[in-house]
Structure formats: structure tokens, C-alpha cells
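Participant: For reference, this is entry_13.txt, and it has compact mmCIF, C-alpha atoms.
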```txt
# COMPACT_ATOMS: atom_id res chain seq x y z
CA MET A 521 -57.61 48.10 109.13
CA ALA A 522 -61.08 46.63 109.34
CA ARG A 523 -62.36 45.70 112.74
CA ILE A 524 -65.20 43.31 113.35
CA ASP A 525 -66.59 43.08 116.86
CA GLU A 526 -67.84 39.52 117.12
CA THR A 527 -70.49 40.57 119.61
CA ALA A 528 -72.13 42.88 117.06
CA PRO A 529 -75.84 42.05 116.92
CA SER A 530 -77.62 40.90 113.80
CA PHE A 531 -81.19 42.09 114.01
CA GLY A 532 -82.99 39.84 111.56
CA PRO A 533 -86.22 40.25 109.59
CA GLU A 534 -88.51 39.83 112.58
CA PHE A 535 -86.95 42.79 114.36
CA ALA A 536 -86.97 44.87 111.18
CA ALA A 537 -90.69 44.20 110.82
CA ALA A 538 -91.33 45.18 114.44
CA PHE A 539 -89.21 48.32 114.00
CA ARG A 540 -91.35 49.24 111.01
CA GLU A 541 -94.46 48.89 113.17
CA LEU A 542 -92.83 51.11 115.78
CA VAL A 543 -92.23 53.86 113.24
CA LEU A 544 -95.75 53.56 111.83
CA TRP A 545 -97.42 53.64 115.25
CA ARG A 546 -95.41 56.51 116.66
CA ARG A 547 -97.80 59.43 116.99
CA ASP A 548 -97.66 63.05 118.02
CA VAL A 549 -99.76 62.67 121.17
CA ARG A 550 -101.89 65.49 122.54
CA ARG A 551 -104.23 63.53 124.82
CA PHE A 552 -102.49 62.24 127.92
CA ARG A 553 -103.55 60.54 131.13
CA THR A 554 -102.44 62.62 134.09
CA ASP A 555 -100.85 59.82 136.13
CA PRO A 556 -97.09 60.24 136.54
CA LEU A 557 -94.29 58.57 134.63
CA SER A 558 -91.59 57.05 136.81
CA GLU A 559 -88.40 59.07 137.01
CA THR A 560 -86.42 55.95 136.19
CA LEU A 561 -88.33 55.51 132.99
CA VAL A 562 -87.83 59.10 131.89
CA ALA A 563 -84.12 58.92 132.75
CA ARG A 564 -83.85 55.74 130.68
CA LEU A 565 -85.38 57.46 127.66
CA ILE A 566 -83.01 60.40 127.96
CA GLU A 567 -80.03 58.10 128.41
CA LEU A 568 -80.85 56.27 125.19
CA ALA A 569 -81.42 59.54 123.33
CA CYS A 570 -77.84 60.47 124.26
CA HIS A 571 -76.69 57.67 121.94
CA ALA A 572 -78.03 59.48 118.88
CA PRO A 573 -75.45 60.54 116.29
CA SER A 574 -73.94 63.99 116.73
CA VAL A 575 -71.69 66.04 114.52
CA GLY A 576 -68.07 65.59 115.60
CA ASN A 577 -69.47 63.49 118.47
CA CYS A 578 -70.19 66.82 120.20
CA GLN A 579 -73.26 65.51 122.08
CA PRO A 580 -74.83 68.99 122.19
CA TRP A 581 -78.22 67.90 123.61
CA ARG A 582 -79.33 69.43 126.89
CA PHE A 583 -82.55 68.21 128.51
CA VAL A 584 -84.61 70.28 130.91
CA LEU A 585 -87.33 68.62 132.96
CA VAL A 586 -89.84 71.36 133.60
CA ASP A 587 -91.51 70.73 136.95
CA GLU A 588 -92.25 74.09 138.54
CA PRO A 589 -95.86 75.17 138.02
CA ALA A 590 -94.88 78.79 137.38
CA ARG A 591 -92.54 77.76 134.57
CA ARG A 592 -95.17 75.47 133.04
CA ASP A 593 -97.65 78.34 133.23
CA ALA A 594 -95.23 80.57 131.34
CA VAL A 595 -94.84 77.94 128.61
CA ARG A 596 -98.59 77.50 128.31
CA ALA A 597 -99.05 81.26 128.12
CA SER A 598 -96.49 81.35 125.32
CA PHE A 599 -98.39 78.65 123.46
CA HIS A 600 -101.67 80.52 123.78
CA ARG A 601 -100.16 83.76 122.47
CA ALA A 602 -98.44 82.04 119.55
CA ASN A 603 -101.53 80.00 118.75
CA ARG A 604 -103.80 83.06 118.70
CA THR A 605 -101.45 84.76 116.26
CA ALA A 606 -101.30 81.62 114.12
CA LEU A 607 -105.11 81.40 114.04
CA GLU A 608 -105.31 84.97 112.80
CA GLY A 609 -103.21 83.93 109.79
CA TYR A 610 -105.99 81.69 108.45
CA ASP A 611 -109.28 82.66 106.86
CA GLY A 612 -112.64 81.07 106.30
CA GLU A 613 -112.89 77.31 106.57
CA ALA A 614 -109.22 76.83 107.40
CA ARG A 615 -109.61 79.22 110.30
CA ALA A 616 -112.65 77.44 111.65
CA LEU A 617 -110.89 74.11 111.33
CA TYR A 618 -107.68 75.41 112.92
CA ALA A 619 -109.65 76.72 115.88
CA ARG A 620 -111.02 73.23 116.51
CA LEU A 621 -107.66 71.42 116.37
CA LYS A 622 -106.12 70.06 119.54
CA LEU A 623 -102.46 70.98 119.09
CA GLU A 624 -100.92 70.22 122.48
CA GLY A 625 -101.33 68.31 125.71
CA LEU A 626 -99.55 70.78 127.99
CA GLU A 627 -102.26 70.66 130.64
CA ALA A 628 -102.51 66.93 131.23
CA ALA A 629 -99.02 65.64 130.39
CA PRO A 630 -97.18 64.60 133.57
CA VAL A 631 -93.75 65.30 132.05
CA HIS A 632 -92.61 68.42 130.20
CA LEU A 633 -89.19 68.03 128.63
CA ALA A 634 -87.50 70.95 126.87
CA VAL A 635 -84.59 70.00 124.64
CA PHE A 636 -81.87 72.51 123.85
CA ALA A 637 -78.69 72.64 121.76
CA ASP A 638 -75.60 73.91 123.56
CA GLU A 639 -74.17 76.14 120.84
CA THR A 640 -70.83 76.62 122.59
CA THR A 641 -69.94 73.08 123.56
CA GLU A 642 -66.25 72.36 123.24
CA ARG A 643 -66.93 68.69 122.66
CA GLY A 644 -65.98 67.71 119.14
CA ALA A 645 -63.76 70.79 118.72
CA GLY A 646 -65.96 72.07 115.91
CA LEU A 647 -65.39 69.03 113.70
CA GLY A 648 -67.95 68.70 110.93
CA ARG A 649 -69.76 71.96 111.50
CA GLN A 650 -67.67 74.62 109.83
CA THR A 651 -69.68 74.79 106.61
CA MET A 652 -72.99 73.52 108.04
CA PRO A 653 -73.17 74.83 111.61
CA GLU A 654 -76.85 73.93 111.76
CA THR A 655 -75.79 70.29 112.14
CA LEU A 656 -75.24 71.00 115.84
CA ARG A 657 -78.98 71.60 116.24
CA TYR A 658 -79.76 68.76 113.84
CA SER A 659 -77.89 66.42 116.20
CA VAL A 660 -80.33 67.37 118.93
CA VAL A 661 -83.25 66.55 116.63
CA GLY A 662 -81.80 63.06 116.09
CA ALA A 663 -81.81 62.62 119.86
CA VAL A 664 -85.45 63.74 120.01
CA GLN A 665 -86.52 61.25 117.35
CA THR A 666 -84.59 58.49 119.15
CA LEU A 667 -86.31 59.34 122.43
CA TRP A 668 -89.68 59.47 120.69
CA LEU A 669 -89.30 55.97 119.26
CA ALA A 670 -87.91 54.61 122.54
CA ALA A 671 -90.90 56.07 124.36
CA ARG A 672 -93.36 54.52 121.93
CA ALA A 673 -91.65 51.15 122.39
CA GLU A 674 -92.56 51.42 126.09
CA GLY A 675 -96.10 52.58 125.34
CA ILE A 676 -95.38 56.19 126.30
CA GLY A 677 -96.76 59.01 124.18
CA VAL A 678 -94.74 62.05 123.11
CA GLY A 679 -96.00 65.32 121.66
CA TRP A 680 -93.74 68.02 120.18
CA ILE A 681 -95.05 71.56 120.59
CA SER A 682 -93.54 74.10 118.21
CA ILE A 683 -96.27 76.73 118.56
CA LEU A 684 -94.17 78.55 121.15
CA GLU A 685 -92.05 81.68 121.32
CA PRO A 686 -88.56 80.24 121.74
CA ASP A 687 -87.23 83.35 123.50
CA ALA A 688 -90.03 83.37 126.03
CA VAL A 689 -89.60 79.65 126.76
CA THR A 690 -85.82 79.95 127.05
CA GLU A 691 -86.22 82.83 129.47
CA ALA A 692 -88.88 81.07 131.53
CA LEU A 693 -86.61 78.05 131.98
CA ASP A 694 -83.58 80.09 133.05
CA VAL A 695 -81.03 78.14 131.02
CA PRO A 696 -77.63 79.39 129.80
CA SER A 697 -78.05 82.07 127.16
CA ASP A 698 -76.11 80.11 124.54
CA TRP A 699 -78.57 77.25 124.55
CA THR A 700 -81.02 77.15 121.62
CA LEU A 701 -84.47 75.69 122.14
CA VAL A 702 -84.90 72.84 119.66
CA ALA A 703 -87.98 71.03 120.96
CA TYR A 704 -90.54 71.23 123.74
CA LEU A 705 -91.97 67.80 124.45
CA CYS A 706 -94.88 66.50 126.49
CA LEU A 707 -94.61 62.91 127.70
CA GLY A 708 -97.18 60.68 129.35
CA TRP A 709 -99.39 57.67 128.90
CA PRO A 710 -101.59 58.26 125.87
CA VAL A 711 -105.35 58.18 126.14
CA GLU A 712 -105.59 56.89 122.58
CA GLU A 713 -103.85 54.56 120.17
CA HIS A 714 -104.33 55.09 116.47
CA LEU A 715 -102.42 54.67 113.23
CA ASP A 716 -103.54 57.81 111.41
CA PRO A 717 -101.85 61.10 112.27
CA GLU A 718 -103.95 63.49 114.34
CA LEU A 719 -103.91 66.16 111.61
CA GLU A 720 -105.06 63.62 109.03
CA ARG A 721 -107.90 62.52 111.23
CA ALA A 722 -108.93 66.14 111.77
CA GLY A 723 -108.95 66.80 108.01
CA TRP A 724 -106.07 69.31 108.10
CA GLN A 725 -103.35 67.48 106.19
CA ALA A 726 -103.34 63.89 104.98
CA ARG A 727 -100.26 61.77 104.57
CA ALA A 728 -98.97 61.61 101.01
CA ALA A 729 -100.12 58.63 98.97
CA ALA A 730 -98.71 55.16 99.50
CA ALA A 731 -96.28 55.90 96.68
CA ALA A 732 -94.76 58.57 98.92
CA ALA A 733 -91.23 57.26 98.72
CA ALA A 734 -91.30 57.57 94.93
CA ASP A 735 -93.09 60.94 95.07
CA PHE A 736 -90.39 62.28 97.33
CA THR A 737 -87.40 60.87 95.48
CA LEU A 738 -85.45 62.20 92.51
CA ARG A 739 -82.57 60.62 90.63
CA ARG A 740 -79.64 62.70 89.62
CA MET B 400 -113.52 61.37 122.38
CA ALA B 401 -110.81 58.80 123.00
CA ARG B 402 -110.19 56.29 120.30
CA ILE B 403 -108.41 53.01 120.86
CA ASP B 404 -107.46 51.00 117.81
CA GLU B 405 -107.56 47.41 119.01
CA THR B 406 -104.89 46.44 116.48
CA ALA B 407 -102.34 48.81 118.08
CA PRO B 408 -99.18 46.84 118.78
CA SER B 409 -97.69 46.42 122.22
CA PHE B 410 -93.95 46.10 121.83
CA GLY B 411 -92.91 44.47 125.09
CA PRO B 412 -89.59 44.43 126.98
CA GLU B 413 -87.82 42.14 124.53
CA PHE B 414 -88.37 44.54 121.65
CA ALA B 415 -87.40 47.53 123.81
CA ALA B 416 -84.13 45.78 124.67
CA ALA B 417 -83.44 45.03 121.01
CA PHE B 418 -84.29 48.62 120.07
CA ARG B 419 -81.76 49.80 122.65
CA GLU B 420 -79.14 47.58 121.00
CA LEU B 421 -80.06 49.07 117.63
CA VAL B 422 -79.48 52.60 118.89
CA LEU B 423 -76.19 51.63 120.56
CA TRP B 424 -74.86 49.82 117.49
CA ARG B 425 -75.83 52.47 114.95
CA ARG B 426 -72.60 53.99 113.72
CA ASP B 427 -71.52 56.75 111.39
CA VAL B 428 -69.92 54.49 108.79
CA ARG B 429 -67.06 55.65 106.60
CA ARG B 430 -65.71 52.28 105.40
CA PHE B 431 -68.00 50.62 102.89
CA ARG B 432 -67.85 47.59 100.66
CA THR B 433 -68.38 48.64 97.07
CA ASP B 434 -70.98 46.02 96.15
CA PRO B 435 -74.37 47.54 95.34
CA LEU B 436 -77.45 47.81 97.52
CA SER B 437 -80.63 46.62 95.89
CA GLU B 438 -82.93 49.41 94.71
CA THR B 439 -85.81 47.73 96.51
CA LEU B 440 -83.94 47.91 99.76
CA VAL B 441 -83.08 51.58 99.38
CA ALA B 442 -86.68 52.40 98.39
CA ARG B 443 -87.89 50.56 101.49
CA LEU B 444 -85.65 52.64 103.74
CA ILE B 445 -86.85 55.88 102.16
CA GLU B 446 -90.46 54.78 102.41
CA LEU B 447 -90.11 54.14 106.13
CA ALA B 448 -88.29 57.45 106.65
CA CYS B 449 -91.38 59.15 105.19
CA HIS B 450 -93.27 58.04 108.31
CA ALA B 451 -91.18 60.28 110.53
CA PRO B 452 -93.00 63.05 112.34
CA SER B 453 -93.24 66.38 110.54
CA VAL B 454 -94.47 69.75 111.64
CA GLY B 455 -98.09 70.24 110.57
CA ASN B 456 -97.71 66.86 108.81
CA CYS B 457 -96.00 68.81 106.01
CA GLN B 458 -93.71 65.90 104.97
CA PRO B 459 -91.04 68.28 103.66
CA TRP B 460 -88.39 65.61 103.00
CA ARG B 461 -87.03 65.29 99.48
CA PHE B 462 -84.58 62.51 98.67
CA VAL B 463 -82.10 62.65 95.83
CA LEU B 464 -80.29 59.50 94.75
CA VAL B 465 -77.03 60.73 93.31
CA ASP B 466 -75.93 58.34 90.58
CA GLU B 467 -74.18 60.37 87.88
CA PRO B 468 -70.40 60.21 88.22
CA ALA B 469 -69.99 63.91 87.38
CA ARG B 470 -72.32 64.90 90.18
CA ARG B 471 -70.58 62.60 92.64
CA ASP B 472 -67.28 64.11 91.58
CA ALA B 473 -68.61 67.59 92.31
CA VAL B 474 -69.70 66.49 95.77
CA ARG B 475 -66.31 64.91 96.50
CA ALA B 476 -64.55 68.05 95.28
CA SER B 477 -66.70 70.10 97.64
CA PHE B 478 -65.75 67.80 100.51
CA HIS B 479 -62.05 68.14 99.75
CA ARG B 480 -62.24 71.94 99.63
CA ALA B 481 -64.24 72.17 102.85
CA ASN B 482 -62.01 69.65 104.58
CA ARG B 483 -58.82 71.48 103.62
CA THR B 484 -60.24 74.69 105.08
CA ALA B 485 -61.32 72.86 108.22
CA LEU B 486 -57.84 71.36 108.65
CA GLU B 487 -56.31 74.82 108.46
CA GLY B 488 -58.42 75.79 111.47
CA TYR B 489 -56.52 73.42 113.76
CA ASP B 490 -52.98 73.69 115.10
CA GLY B 491 -50.37 71.34 116.46
CA GLU B 492 -51.47 67.91 117.64
CA ALA B 493 -55.13 68.50 116.80
CA ARG B 494 -54.12 69.32 113.23
CA ALA B 495 -52.01 66.21 112.89
CA LEU B 496 -54.81 64.09 114.31
CA TYR B 497 -57.46 65.75 112.12
CA ALA B 498 -55.36 65.04 109.04
CA ARG B 499 -55.38 61.32 109.87
CA LEU B 500 -59.13 61.03 110.44
CA LYS B 501 -61.28 59.21 107.94
CA LEU B 502 -64.33 61.44 107.75
CA GLU B 503 -66.29 60.06 104.81
CA GLY B 504 -66.81 57.07 102.58
CA LEU B 505 -67.77 58.94 99.40
CA GLU B 506 -65.46 56.87 97.20
CA ALA B 507 -66.58 53.37 98.09
CA ALA B 508 -70.22 53.81 99.08
CA PRO B 509 -72.54 52.38 96.42
CA VAL B 510 -75.39 54.75 97.31
CA HIS B 511 -75.24 58.52 97.75
CA LEU B 512 -78.44 59.99 99.12
CA ALA B 513 -78.87 63.74 99.51
CA VAL B 514 -81.77 64.79 101.72
CA PHE B 515 -83.37 68.19 101.31
CA ALA B 516 -86.13 70.21 102.96
CA ASP B 517 -88.70 71.71 100.59
CA GLU B 518 -89.06 75.14 102.17
CA THR B 519 -92.12 76.07 100.14
CA THR B 520 -94.26 72.99 100.49
CA GLU B 521 -97.94 73.79 100.80
CA ARG B 522 -98.56 70.63 102.78
CA GLY B 523 -99.51 71.46 106.35
CA ALA B 524 -100.49 75.02 105.39
CA GLY B 525 -97.79 76.41 107.66
CA LEU B 526 -99.22 74.85 110.80
CA GLY B 527 -96.77 74.72 113.68
CA ARG B 528 -93.98 76.67 112.05
CA GLN B 529 -94.88 80.32 112.43
CA THR B 530 -92.71 80.94 115.48
CA MET B 531 -90.16 78.16 114.88
CA PRO B 532 -89.78 77.87 111.08
CA GLU B 533 -86.67 75.73 111.57
CA THR B 534 -88.98 72.85 112.52
CA LEU B 535 -89.50 72.27 108.79
CA ARG B 536 -85.82 71.31 108.46
CA TYR B 537 -85.93 69.51 111.81
CA SER B 538 -88.67 67.28 110.39
CA VAL B 539 -86.25 66.19 107.68
CA VAL B 540 -83.65 65.33 110.32
CA GLY B 541 -86.18 63.07 112.04
CA ALA B 542 -86.60 61.26 108.73
CA VAL B 543 -82.82 60.89 108.42
CA GLN B 544 -82.51 59.37 111.89
CA THR B 545 -85.40 57.02 111.14
CA LEU B 546 -83.73 55.91 107.90
CA TRP B 547 -80.42 55.47 109.71
CA LEU B 548 -81.90 53.15 112.33
CA ALA B 549 -83.92 51.24 109.72
CA ALA B 550 -80.74 50.76 107.69
CA ARG B 551 -78.81 49.49 110.70
CA ALA B 552 -81.62 47.02 111.43
CA GLU B 553 -80.95 45.55 107.98
CA GLY B 554 -77.17 45.57 108.48
CA ILE B 555 -76.66 48.56 106.17
CA GLY B 556 -74.24 51.29 107.18
CA VAL B 557 -74.96 55.00 106.87
CA GLY B 558 -72.53 57.91 107.07
CA TRP B 559 -73.60 61.58 107.24
CA ILE B 560 -71.15 63.99 105.63
CA SER B 561 -71.51 67.60 106.75
CA ILE B 562 -68.06 68.75 105.61
CA LEU B 563 -69.57 70.07 102.40
CA GLU B 564 -70.46 73.42 100.91
CA PRO B 565 -74.25 73.27 100.81
CA ASP B 566 -74.55 75.74 97.92
CA ALA B 567 -72.10 73.80 95.77
CA VAL B 568 -73.86 70.51 96.48
CA THR B 569 -77.30 71.96 95.83
CA GLU B 570 -76.10 73.38 92.53
CA ALA B 571 -74.38 70.16 91.49
CA LEU B 572 -77.58 68.21 92.06
CA ASP B 573 -79.76 70.62 90.06
CA VAL B 574 -82.68 70.60 92.49
CA PRO B 575 -85.32 73.32 92.90
CA SER B 576 -83.80 76.46 94.36
CA ASP B 577 -86.11 76.48 97.36
CA TRP B 578 -84.82 73.15 98.64
CA THR B 579 -82.36 73.31 101.54
CA LEU B 580 -79.70 70.64 101.86
CA VAL B 581 -80.12 69.00 105.26
CA ALA B 582 -77.97 65.87 104.97
CA TYR B 583 -75.72 64.11 102.52
CA LEU B 584 -75.64 60.38 103.26
CA CYS B 585 -73.53 57.49 102.08
CA LEU B 586 -75.12 54.04 102.29
CA GLY B 587 -73.63 50.62 101.81
CA TRP B 588 -72.58 47.42 103.50
CA PRO B 589 -70.11 48.31 106.25
CA VAL B 590 -66.63 46.81 106.30
CA GLU B 591 -66.62 46.97 110.09
CA GLU B 592 -68.89 46.50 113.08
CA HIS B 593 -67.98 48.17 116.32
CA LEU B 594 -69.68 49.71 119.33
CA ASP B 595 -67.40 52.69 119.90
CA PRO B 596 -67.90 55.78 117.75
CA GLU B 597 -65.24 56.32 115.08
CA LEU B 598 -64.15 59.66 116.59
CA GLU B 599 -63.78 58.05 120.01
CA ARG B 600 -61.65 55.27 118.60
CA ALA B 601 -59.46 57.82 116.81
CA GLY B 602 -58.94 59.79 120.02
CA TRP B 603 -60.76 62.90 118.78
CA GLN B 604 -63.81 63.01 121.03
CA ALA B 605 -65.00 60.40 123.51
CA ARG B 606 -68.59 59.83 124.49
CA ALA B 607 -69.57 61.51 127.73
CA ALA B 608 -69.42 59.31 130.83
CA ALA B 609 -72.01 56.65 131.53
CA ALA B 610 -73.81 59.20 133.71
CA ALA B 611 -74.41 61.19 130.50
CA ALA B 612 -78.16 61.40 130.94
CA ALA B 613 -77.73 63.05 134.32
CA ASP B 614 -74.89 65.25 133.06
CA PHE B 615 -77.08 66.50 130.25
CA THR B 616 -80.25 67.04 132.29
CA LEU B 617 -81.38 69.98 134.38
CA ARG B 618 -84.51 70.33 136.49
CA ARG B 619 -86.46 73.53 136.43
```
Take the structure I supplied and represent it as C-alpha cells, if you would.
Facilitator:
Amino acid sequence: MARIDETAPSFGPEFAAAFRELVLWRRDVRRFRTDPLSETLVARLIELACHAPSVGNCQPWRFVLVDEPARRDAVRASFHRANRTALEGYDGEARALYARLKLEGLEAAPVHLAVFADETTERGAGLGRQTMPETLRYSVVGAVQTLWLAARAEGIGVGWISILEPDAVTEALDVPSDWTLVAYLCLGWPVEEHLDPELERAGWQARAAAAAAADFTLRR
Amino acid sequence: MARIDETAPSFGPEFAAAFRELVLWRRDVRRFRTDPLSETLVARLIELACHAPSVGNCQPWRFVLVDEPARRDAVRASFHRANRTALEGYDGEARALYARLKLEGLEAAPVHLAVFADETTERGAGLGRQTMPETLRYSVVGAVQTLWLAARAEGIGVGWISILEPDAVTEALDVPSDWTLVAYLCLGWPVEEHLDPELERAGWQARAAAAAAADFTLRR
């Protein structure tokens, strides 16, 4: 039986246009001001992220606010090790360019937020993830993208650092052993505002052409 | 050197409030009207999804519009097999409840959109995914969540079906062998509008309490 909630919002073309701008102006931020973000604001972002879709409604996201200097040091050390190894994988011009890239804002960002998937949650009773168990972790990614857009709407920058050793980070944060690290985020007020991705600006990898949607789409 | 693009938008509290509504009213839709979506509209959603963040800016998302009846049949058959097996994993009341759940809208939805990750893309030259290669697939999930919110902003419903055998679906769609199925989506005009998740309404799994953000957050 169909059910229509009369209070359901209709967003309209003006909102859709503003949402498009939000998506276009979201950036992976690596240059942060060091002044703090209010706890209320960060809690609000996390709360909204918890409304992301999740497989079987299992809500597997677990957020860890990393405050202790020793833990942040361990994360930064992990980045530096992983980044050195990554650099060694490139030769010639690519190597020189890679060495110049700014790939994280771990030093300046006032907020470090690690996001995990709780692999053993009983919520959802396994629904929807028998044949594609990875959808549990995918649900956490949906929460991250929701938080990212919500942050940008408030003018807050987010950077996702994946050049990390997940085991080392998980150990440094002392979380339950059945949590999987999905994302390590830096949050703070951005020093810059720009439309072009950082890696495009640096000459590493441009966005695909304007016809991207067509380039990326097949019909079957 | 900091760079401020003077044309950068400032979204303001009114937009942030509307964005919050968008996130709250996004639903996993399983009840669709059968009337078509315009191709322009679908292309616009995909185009915006291509502005999601991606590791090393590698843009690994590949979209497949599934039109051919034989291919749709193969996908539905895969759902029915996987769903029968899933049902057999529950006992007693849970089994009876599971059997009554409506878990997909494959029959009515005018648009089927499979979303893959191209595991061998050269874009990004591997940057950011040496230690966490799963971030390639995570990038595709960010695109899916972006598309989902963009669709909801236009009043279009999206449902993500994960009760599928990924190998069978990949084979049925005849895509390159190094593409990984990340999501199979149904799109169409929703029959219903409601704020509570389908699985909450059906008594399967409620959302966590209003204090969810705190419940889900640790400090370290």
C-alpha cells in the first residue's frame, strides 16, 4: 500500500542548482587554518553522516575523534613511511612531481576523524550482505561522502588520507579488533577555495573531459 | 601559496538546512512508477556523480545502463537465487518477516544502472592506493551516494540492490573482466514518500536512537 507523507519536501530547481555547486566545489583539502572547529559543529556533521544509507540499515559507521598528540604522531609517522614507499614506486619526472605534491594536512588540521566499519555489528541481521559483504564497508563510505558535502556546505574543508598503513593506524587508535579502517579524515577551515582538484592543479591527473558522463557510460 | 577563487560560493544556513532535509529524506526506494525517466535527466545525474572525490583523481567509476530485457532478466534471476539462499539463513520469526520484505524494485523501475570500478585504470597513476587499494572501489561508492542525493533533489527515487551474485551480474552485462561490480541501482519516480527507512517500517531494523552520533563516536 503506497504511503505519501504530506510533509515530504520538494526541493525545486534552485536547490538542485545549489546542490550541483556544492558537489563541484567540494575539494580534498590539504591546507588548513589551525584554529579549532567547534565540537558542536563536528558533532552535527557526524550526526548527519549517520543518516547515510546502509545495507540492511546496519549503520556500521564508527567515528573516532583523534585528539591525543601521541596518537596523531603515530598516524603521521605511518603516513611518512607509506609515502616514502609510494615515492620509491615512481621514476623520473613522475617521481620528482610526486615528491613535490602536498598530499595531506595532518599537521595543521584541528580535527582528525578516523572512520571505521564495525564488521560484527548485529544491526541489520546480515540482510543484504550475504553475497556482497563489502557493502558493509561501502555503507561507511556513503557516510563519509555525506559528511564531506555537509562540511563543505558549512565552509569546512575535509581531506581524506589513504596513504596510511591501516594496521598501524588501527593499532594506534586502540579500537576493537573487528573494526576496519575505511577513511582517515582531516577537518578544518580551508586556507584556499578553488574549483580545480589539487592533483589537476599540480599537473598529476586532470579531470576527464566535459563529456565525462558519456565517456564513463555504457549501454547494455 | 594560498589561492582564493573569488567566485567560490558561500552556501549559507538556509542551504545547509535544506541539504540536511535532503539527506534525511533520501530513501532506498523499492516501489517505482513504471513511466520512463528522460535520458537527459539520467545523464545529468551521472555527470554530477563524476564530480565525486576519487583517490589520486583516478575517476574509476563506470556506469552501465541496462536496457536489454534479457540482461535485466539475468539480473532478476540472480536476485531471486541470492534471496532464496539468504532466506534459508534465517529461522522462525525472522524468516517469516524476511519473506515478507520488499527488497527491490527491479520489475517496475524504468532505469537499471550498474556501477563498476575499473580496477586497472591508469588515471591517477596509482597515487593514494598503494596501502589501501580498496579506496579505488570506495571512490565509486562516493559517486553512488552523490548520484543518490542528486536524484532525490529532483524527486527521483534510487534503490541499491546488493542481494545479487556479482559474478553473474558482471557476466550478464558483458563488461571488461577487470571491472568490479560496486552497486546495482534502480531509478525511477517513487510511488511513496516517507521519512522512516523501509526496514524500520517493516520492523526489521530501526535506526539507532537520536543520540546516534554520540553512540557511534569514540575519543582517542
Participant: Using all atoms listed in the file, find which residues of chain B lie within 6 Å of chain A and jot them down as a ChimeraX atom specification.
Facilitator: /B:401-404,410,415,445-446,461-466,523,527,530,541,544,552,561-562,564,591-593,604,612,615-619
Participant: CA of Ser437 in chain B and CA of Leu586 in chain B, how far apart in Å?
Facilitator: 11.2 Å
Participant: If you measure from CA of Trp699 in chain A to CA of Thr640 in chain A, what distance in Å do you get, rounded to one decimal?
Facilitator: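 Going from CA of Trp699 in chain A over to CA of Thr640 in chain A, I get 8.0 Å.
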Participant: With 8 Å of padding per side, what axis-aligned box (centre and edge lengths, Å, one decimal) covers all the listed atoms of range 550-568 of chain A? Give it as AutoDock Vina command-line options.
Facilitator:
```
--center_x -92.1 --center_y 60.5 --center_z 129.8 --size_x 40.2 --size_y 26.0 --size_z 30.5
```
Participant: Return the single residue from B:Asp517, B:Asp577, B:Glu506, B:Asp434 that is closest to Val474 in chain B, with distances computed using all atoms listed in the file.
Facilitator: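 Distance minimum relative to Val474 in chain B lands on B:Glu506.
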Participant: Record the distance separating CA of Leu436 in chain B and CA of Pro509 in chain B, expressed in Å with one decimal.
Facilitator: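 So the two atoms, CA of Leu436 in chain B and CA of Pro509 in chain B, lie 6.8 Å apart.
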Participant: Just add N, CA, C and O atoms to range 554-567 of chain B and send it as a compact mmCIF listing (two decimals), in the frame of the given file.
Facilitator:
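What ended up in part.txt:
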```
# COMPACT_ATOMS: atom_id res chain seq x y z
N GLY B 554 -78.62 45.80 108.63
CA GLY B 554 -77.17 45.57 108.48
C GLY B 554 -76.48 46.55 107.56
O GLY B 554 -75.29 46.41 107.27
N ILE B 555 -77.22 47.57 107.10
CA ILE B 555 -76.66 48.56 106.17
C ILE B 555 -76.06 49.73 106.95
O ILE B 555 -76.66 50.21 107.92
N GLY B 556 -74.89 50.16 106.54
CA GLY B 556 -74.24 51.29 107.18
C GLY B 556 -74.62 52.60 106.53
O GLY B 556 -74.85 52.67 105.32
N VAL B 557 -74.67 53.65 107.35
CA VAL B 557 -74.96 55.00 106.87
C VAL B 557 -73.89 55.94 107.43
O VAL B 557 -73.49 55.80 108.59
N GLY B 558 -73.42 56.85 106.60
CA GLY B 558 -72.53 57.91 107.07
C GLY B 558 -73.09 59.25 106.63
O GLY B 558 -73.57 59.38 105.50
N TRP B 559 -73.07 60.22 107.53
CA TRP B 559 -73.60 61.58 107.24
C TRP B 559 -72.41 62.49 107.07
O TRP B 559 -71.63 62.67 108.00
N ILE B 560 -72.27 63.07 105.88
CA ILE B 560 -71.15 63.99 105.63
C ILE B 560 -71.66 65.43 105.68
O ILE B 560 -72.49 65.84 104.86
N SER B 561 -71.12 66.18 106.62
CA SER B 561 -71.51 67.60 106.75
C SER B 561 -70.34 68.52 106.38
O SER B 561 -70.48 69.74 106.42
N ILE B 562 -69.21 67.93 106.04
CA ILE B 562 -68.06 68.75 105.61
C ILE B 562 -68.22 68.96 104.11
O ILE B 562 -67.54 68.35 103.28
N LEU B 563 -69.18 69.79 103.79
CA LEU B 563 -69.57 70.07 102.40
C LEU B 563 -70.03 71.51 102.33
O LEU B 563 -70.49 72.07 103.33
N GLU B 564 -69.92 72.08 101.13
CA GLU B 564 -70.46 73.42 100.91
C GLU B 564 -71.89 73.25 100.40
O GLU B 564 -72.09 72.81 99.25
N PRO B 565 -72.87 73.58 101.21
CA PRO B 565 -74.25 73.27 100.81
C PRO B 565 -74.65 73.90 99.48
O PRO B 565 -75.38 73.27 98.70
N ASP B 566 -74.18 75.10 99.19
CA ASP B 566 -74.55 75.74 97.92
C ASP B 566 -73.98 74.96 96.74
O ASP B 566 -74.66 74.76 95.72
N ALA B 567 -72.72 74.54 96.87
CA ALA B 567 -72.10 73.80 95.77
C ALA B 567 -72.81 72.46 95.54
O ALA B 567 -73.04 72.06 94.39
```
